[in-house]
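Undergrad: Structure provided below as structure tokens; questions to follow.
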Amino acid sequence: MDGLKERIRRAVHNQPQPTVTILSSLLSVEDELGYIPREAVEEVAGYNRVTVNDVWAVVSFYPNFRTVPPCEHRIEVCWGPSCHLVGAMPVIESVLEAAGLAEEGDTPDGKLTVRYNTCLGACALAPVMSIDHHLVGRADPKKGRELVGRALDNNSGDPHEGAGFRG
Ligand code: FES
């Protein structure tokens, strides 16, 4: 059994909670791999005794499930109410422009995923963004461009530097 299939099998079969569903199985795979490959759909179908089509129906219902491997880095920009009121849109625009994207999505080189988020859970520090789950409070367009630049450039050091709420 290859490494990918073994990781999927373990993720699906070792769920700790008593009630296992198609959704919980998919979330477990997503936690393990960061996406849902075709092989996982087959494993989840077999384990939950449903058809592959049933599993695809769940995968396609939730836009947050990825079916391709994740990019190297992930930047999320909050556009929830608190962030929207204090300047989320200019941050989003600067991030998209620096990433060369028209909308949220992946850069073609596979280095960066940009996603919008409806609340990153730190409203008091709005506008908020994150890079690889490291939060950045009081973000502004300059910070957005800076983080995208670091994520896209292999030679510019730690892309998470400056993330967090200090400084
Ligand atoms: S609304 Fe942006 S962090 Fe809550």
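By order in the structure tokens, chains are A, B, ...; within a chain, residues start at 1; ligands start at 1, following the order shown.
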List the neighbours of Trp79 (chain A) out to 9 Å using only C-alpha atoms; skip same-chain residues closer than 6 positions along the sequence, and give me the result as a list in words.
TA: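 The residues satisfying every condition are Leu85, Gly87, Ala88, Met89, Ile92, Tyr116, Asn117, Thr118, Cys119, Pro127 and Val128 of chain A.
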Undergrad: With C-alpha atoms retained, write the just-selected residues as an mmCIF file, in the first residue's frame.
TA:
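Done, and the output landed in result18.cif:
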data_model
loop_
_atom_site.group_PDB
_atom_site.id
_atom_site.type_symbol
_atom_site.label_atom_id
_atom_site.label_comp_id
_atom_site.auth_asym_id
_atom_site.auth_seq_id
_atom_site.Cartn_x
_atom_site.Cartn_y
_atom_site.Cartn_z
ATOM 1 C CA LEU A 85 -15.713 48.334 8.754
ATOM 2 C CA GLY A 87 -10.495 48.512 5.957
ATOM 3 C CA ALA A 88 -10.604 44.857 4.911
ATOM 4 C CA MET A 89 -11.303 45.657 1.268
ATOM 5 C CA ILE A 92 -7.944 42.127 0.049
ATOM 6 C CA TYR A 116 -11.427 35.108 2.109
ATOM 7 C CA ASN A 117 -12.645 34.336 5.609
ATOM 8 C CA THR A 118 -15.808 35.549 7.322
ATOM 9 C CA CYS A 119 -14.172 35.777 10.773
ATOM 10 C CA PRO A 127 -8.536 44.144 10.012
ATOM 11 C CA VAL A 128 -7.155 40.637 10.394
#
Undergrad: Taking only C-alpha atoms and all ligand atoms into account, which residues have an atom no farther than 6 Å from ligand 1? I'd like them as a PyMOL selection string.
TA: chain A and resi 78-83+119-123+126+128
Undergrad: Mind running region 5-77 of chain A against region 138-151 of chain A at 12 Å and telling me each contacting residue's nearest atom pair with the distance in Å (one decimal), counting only C-alpha atoms, chain and number ascending, as a tab-separated table?
TA:
residue	atom	partner	partner_atom	distance
A:Cys71	CA	A:Ala151	CA	10.3
A:Glu72	CA	A:Ala151	CA	8.2
A:His73	CA	A:Ala151	CA	6.3
A:Arg74	CA	A:Ala151	CA	8.4
A:Ile75	CA	A:Val148	CA	7.7
A:Glu76	CA	A:Gly144	CA	10.1
A:Val77	CA	A:Gly144	CA	8.8
Undergrad: Would you put the residues from that selection into a file with N, CA and C atoms, as a PDB file, in the first residue's frame?
TA:
ATOM      1  N   CYS A  71      -1.488  24.614  -1.881  1.00  0.00           N
ATOM      2  CA  CYS A  71      -0.265  25.352  -2.229  1.00  0.00           C
ATOM      3  C   CYS A  71       0.672  25.344  -1.018  1.00  0.00           C
ATOM      4  N   GLU A  72       1.895  25.780  -1.272  1.00  0.00           N
ATOM      5  CA  GLU A  72       2.909  25.819  -0.210  1.00  0.00           C
ATOM      6  C   GLU A  72       2.479  26.716   0.953  1.00  0.00           C
ATOM      7  N   HIS A  73       1.882  27.866   0.643  1.00  0.00           N
ATOM      8  CA  HIS A  73       1.450  28.809   1.673  1.00  0.00           C
ATOM      9  C   HIS A  73      -0.016  29.186   1.460  1.00  0.00           C
ATOM     10  N   ARG A  74      -0.620  29.625   2.558  1.00  0.00           N
ATOM     11  CA  ARG A  74      -2.032  30.004   2.491  1.00  0.00           C
ATOM     12  C   ARG A  74      -2.219  31.330   3.220  1.00  0.00           C
ATOM     13  N   ILE A  75      -2.744  32.305   2.519  1.00  0.00           N
ATOM     14  CA  ILE A  75      -3.073  33.582   3.155  1.00  0.00           C
ATOM     15  C   ILE A  75      -4.584  33.726   3.170  1.00  0.00           C
ATOM     16  N   GLU A  76      -5.124  34.049   4.331  1.00  0.00           N
ATOM     17  CA  GLU A  76      -6.554  34.319   4.431  1.00  0.00           C
ATOM     18  C   GLU A  76      -6.741  35.766   4.854  1.00  0.00           C
ATOM     19  N   VAL A  77      -7.682  36.414   4.228  1.00  0.00           N
ATOM     20  CA  VAL A  77      -8.004  37.793   4.602  1.00  0.00           C
ATOM     21  C   VAL A  77      -9.450  37.818   5.056  1.00  0.00           C
TER      22      VAL A  77
END
Undergrad: Assign secondary structure with DSSP using the backbone only, and return the residues of region 35-138 of chain A in strand (DSSP E or B) as number ranges by chain.
TA: A: 73-78, 105-106, 112-117, 129-131, 134-136
Undergrad: Just give me the gap between CA of Pro16 (chain A) and CA of Leu135 (chain A) in Å, one decimal is fine.
TA: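 For CA of Pro16 (chain A) relative to CA of Leu135 (chain A), the distance reads 28.5 Å.
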Undergrad: Excluding same-chain residues fewer than 3 positions from Val58 (chain A), what lies within 12 Å of it counting only C-alpha atoms, as a list of chain:residue names?
TA: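 Close residues of Val58 (chain A): A:Thr21, A:Ile22, A:Leu23, A:Ser24, A:Ser25, A:Leu26, A:Leu27, A:Ile36, A:Val41, A:Val44, A:Ala45, A:Val50, A:Thr51, A:Val52, A:Asn53, A:Asp54, A:Val55, A:Phe61, A:Tyr62, A:Pro63, A:Asn64, A:Phe65.
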Undergrad: For N, CA and C atoms, I'd like the residues from the last selection saved as a compact mmCIF listing (two decimals), in the first residue's frame.
TA:
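Final output, out.txt:
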# COMPACT_ATOMS: atom_id res chain seq x y z
N THR A 21 -19.32 9.78 10.21
CA THR A 21 -20.18 10.05 9.06
C THR A 21 -19.30 10.28 7.83
N ILE A 22 -19.96 10.47 6.69
CA ILE A 22 -19.20 10.83 5.48
C ILE A 22 -18.43 12.12 5.75
N LEU A 23 -19.14 13.11 6.33
CA LEU A 23 -18.50 14.41 6.57
C LEU A 23 -17.34 14.29 7.55
N SER A 24 -17.52 13.57 8.64
CA SER A 24 -16.42 13.47 9.61
C SER A 24 -15.23 12.76 8.97
N SER A 25 -15.50 11.78 8.12
CA SER A 25 -14.41 11.06 7.46
C SER A 25 -13.64 11.98 6.50
N LEU A 26 -14.41 12.79 5.78
CA LEU A 26 -13.75 13.73 4.84
C LEU A 26 -12.93 14.77 5.60
N LEU A 27 -13.48 15.24 6.72
CA LEU A 27 -12.74 16.23 7.52
C LEU A 27 -11.45 15.62 8.07
N ILE A 36 -8.75 16.48 -0.53
CA ILE A 36 -9.46 15.21 -0.66
C ILE A 36 -9.12 14.60 -2.02
N VAL A 41 -11.99 9.54 -1.59
CA VAL A 41 -13.44 9.41 -1.84
C VAL A 41 -13.82 7.92 -1.85
N VAL A 44 -13.58 6.56 1.80
CA VAL A 44 -14.68 7.06 2.63
C VAL A 44 -15.99 6.36 2.25
N ALA A 45 -16.18 6.14 0.96
CA ALA A 45 -17.39 5.44 0.50
C ALA A 45 -17.42 4.02 1.07
N VAL A 50 -21.46 3.59 1.58
CA VAL A 50 -22.26 4.41 0.66
C VAL A 50 -21.57 4.38 -0.69
N THR A 51 -22.18 5.01 -1.68
CA THR A 51 -21.56 5.00 -3.01
C THR A 51 -20.54 6.15 -3.12
N VAL A 52 -19.67 6.01 -4.11
CA VAL A 52 -18.71 7.08 -4.41
C VAL A 52 -19.46 8.37 -4.75
N ASN A 53 -20.58 8.24 -5.44
CA ASN A 53 -21.38 9.43 -5.78
C ASN A 53 -21.91 10.14 -4.53
N ASP A 54 -22.29 9.35 -3.52
CA ASP A 54 -22.76 9.96 -2.27
C ASP A 54 -21.64 10.81 -1.65
N VAL A 55 -20.44 10.29 -1.69
CA VAL A 55 -19.31 11.02 -1.09
C VAL A 55 -18.99 12.26 -1.92
N PHE A 61 -20.51 19.80 -2.13
CA PHE A 61 -21.43 20.73 -1.46
C PHE A 61 -20.67 21.79 -0.67
N TYR A 62 -19.52 21.42 -0.12
CA TYR A 62 -18.76 22.33 0.74
C TYR A 62 -17.60 22.95 -0.03
N PRO A 63 -17.67 24.25 -0.32
CA PRO A 63 -16.61 24.85 -1.13
C PRO A 63 -15.24 24.84 -0.46
N ASN A 64 -15.20 24.62 0.86
CA ASN A 64 -13.90 24.62 1.53
C ASN A 64 -13.10 23.34 1.30
N PHE A 65 -13.74 22.29 0.82
CA PHE A 65 -12.96 21.08 0.52
C PHE A 65 -12.17 21.29 -0.77
Undergrad: Suppose you want the space between CA of Val114 (chain A) and CA of Ser28 (chain A); what is it in Å?
TA: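 Atom-to-atom, CA of Val114 (chain A) to CA of Ser28 (chain A), that is 22.5 Å.
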Undergrad: Which of region 45-89 of chain A counts as alpha helix (DSSP H) under DSSP, as a ChimeraX atom specification please?
TA: /A:45-48,52-61,81-85,88-89
Undergrad: Got time to write the residues from that selection, N, CA and C atoms, as an mmCIF file, in the first residue's frame?
TA:
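Dumped to out.cif:
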data_model
loop_
_atom_site.group_PDB
_atom_site.id
_atom_site.type_symbol
_atom_site.label_atom_id
_atom_site.label_comp_id
_atom_site.auth_asym_id
_atom_site.auth_seq_id
_atom_site.Cartn_x
_atom_site.Cartn_y
_atom_site.Cartn_z
ATOM 1 N N ALA A 45 -16.178 6.141 0.955
ATOM 2 C CA ALA A 45 -17.388 5.437 0.497
ATOM 3 C C ALA A 45 -17.424 4.024 1.070
ATOM 4 N N GLY A 46 -16.333 3.312 0.961
ATOM 5 C CA GLY A 46 -16.287 1.937 1.462
ATOM 6 C C GLY A 46 -16.495 1.874 2.962
ATOM 7 N N TYR A 47 -15.849 2.778 3.673
ATOM 8 C CA TYR A 47 -15.914 2.748 5.138
ATOM 9 C C TYR A 47 -17.309 3.084 5.654
ATOM 10 N N ASN A 48 -17.974 4.016 4.968
ATOM 11 C CA ASN A 48 -19.313 4.435 5.412
ATOM 12 C C ASN A 48 -20.435 3.655 4.716
ATOM 13 N N VAL A 52 -19.672 6.015 -4.113
ATOM 14 C CA VAL A 52 -18.710 7.078 -4.408
ATOM 15 C C VAL A 52 -19.461 8.374 -4.749
ATOM 16 N N ASN A 53 -20.581 8.242 -5.437
ATOM 17 C CA ASN A 53 -21.381 9.435 -5.779
ATOM 18 C C ASN A 53 -21.905 10.136 -4.529
ATOM 19 N N ASP A 54 -22.294 9.347 -3.522
ATOM 20 C CA ASP A 54 -22.756 9.963 -2.267
ATOM 21 C C ASP A 54 -21.643 10.813 -1.651
ATOM 22 N N VAL A 55 -20.442 10.287 -1.692
ATOM 23 C CA VAL A 55 -19.308 11.017 -1.087
ATOM 24 C C VAL A 55 -18.991 12.263 -1.918
ATOM 25 N N TRP A 56 -18.980 12.125 -3.243
ATOM 26 C CA TRP A 56 -18.722 13.304 -4.086
ATOM 27 C C TRP A 56 -19.773 14.382 -3.851
ATOM 28 N N ALA A 57 -20.999 13.968 -3.575
ATOM 29 C CA ALA A 57 -22.064 14.958 -3.322
ATOM 30 C C ALA A 57 -21.711 15.813 -2.106
ATOM 31 N N VAL A 58 -21.138 15.181 -1.087
ATOM 32 C CA VAL A 58 -20.757 15.943 0.114
ATOM 33 C C VAL A 58 -19.539 16.816 -0.186
ATOM 34 N N VAL A 59 -18.558 16.238 -0.859
ATOM 35 C CA VAL A 59 -17.341 17.008 -1.188
ATOM 36 C C VAL A 59 -17.708 18.255 -1.994
ATOM 37 N N SER A 60 -18.574 18.084 -2.972
ATOM 38 C CA SER A 60 -18.875 19.215 -3.856
ATOM 39 C C SER A 60 -19.827 20.223 -3.207
ATOM 40 N N PHE A 61 -20.514 19.802 -2.128
ATOM 41 C CA PHE A 61 -21.434 20.731 -1.455
ATOM 42 C C PHE A 61 -20.670 21.795 -0.668
ATOM 43 N N PRO A 81 -17.752 41.417 9.279
ATOM 44 C CA PRO A 81 -18.237 42.775 9.561
ATOM 45 C C PRO A 81 -17.212 43.673 10.264
ATOM 46 N N SER A 82 -16.568 43.184 11.328
ATOM 47 C CA SER A 82 -15.623 44.038 12.062
ATOM 48 C C SER A 82 -14.468 44.459 11.167
ATOM 49 N N CYS A 83 -13.968 43.518 10.395
ATOM 50 C CA CYS A 83 -12.829 43.829 9.522
ATOM 51 C C CYS A 83 -13.263 44.706 8.350
ATOM 52 N N HIS A 84 -14.451 44.423 7.842
ATOM 53 C CA HIS A 84 -14.959 45.203 6.716
ATOM 54 C C HIS A 84 -15.060 46.685 7.090
ATOM 55 N N LEU A 85 -15.511 46.944 8.314
ATOM 56 C CA LEU A 85 -15.713 48.334 8.754
ATOM 57 C C LEU A 85 -14.414 49.124 8.856
ATOM 58 N N ALA A 88 -10.970 46.163 5.478
ATOM 59 C CA ALA A 88 -10.604 44.857 4.911
ATOM 60 C C ALA A 88 -10.465 44.908 3.389
ATOM 61 N N MET A 89 -11.318 45.693 2.739
ATOM 62 C CA MET A 89 -11.303 45.657 1.268
ATOM 63 C C MET A 89 -9.972 46.099 0.668
#
Undergrad: For Ala98 (chain A), which residue out of A:His134, A:Asp31, A:Leu112, A:Glu39 is the nearest one, using only C-alpha atoms?
TA: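 For Ala98 (chain A), the nearest of the candidates is A:Leu112.
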Undergrad: Could you jot down the CA of Arg38 (chain A) to CA of Gln17 (chain A) separation for me, Å, one decimal place?
TA: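 It comes out at 24.1 Å.
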Undergrad: Can you work out which one of A:Ala124, A:Val20, A:Leu33, A:Val68 has the shortest atom-to-atom distance to Val86 (chain A), counting only C-alpha atoms?
TA: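 So, comparing all the options, the nearest one is A:Ala124.
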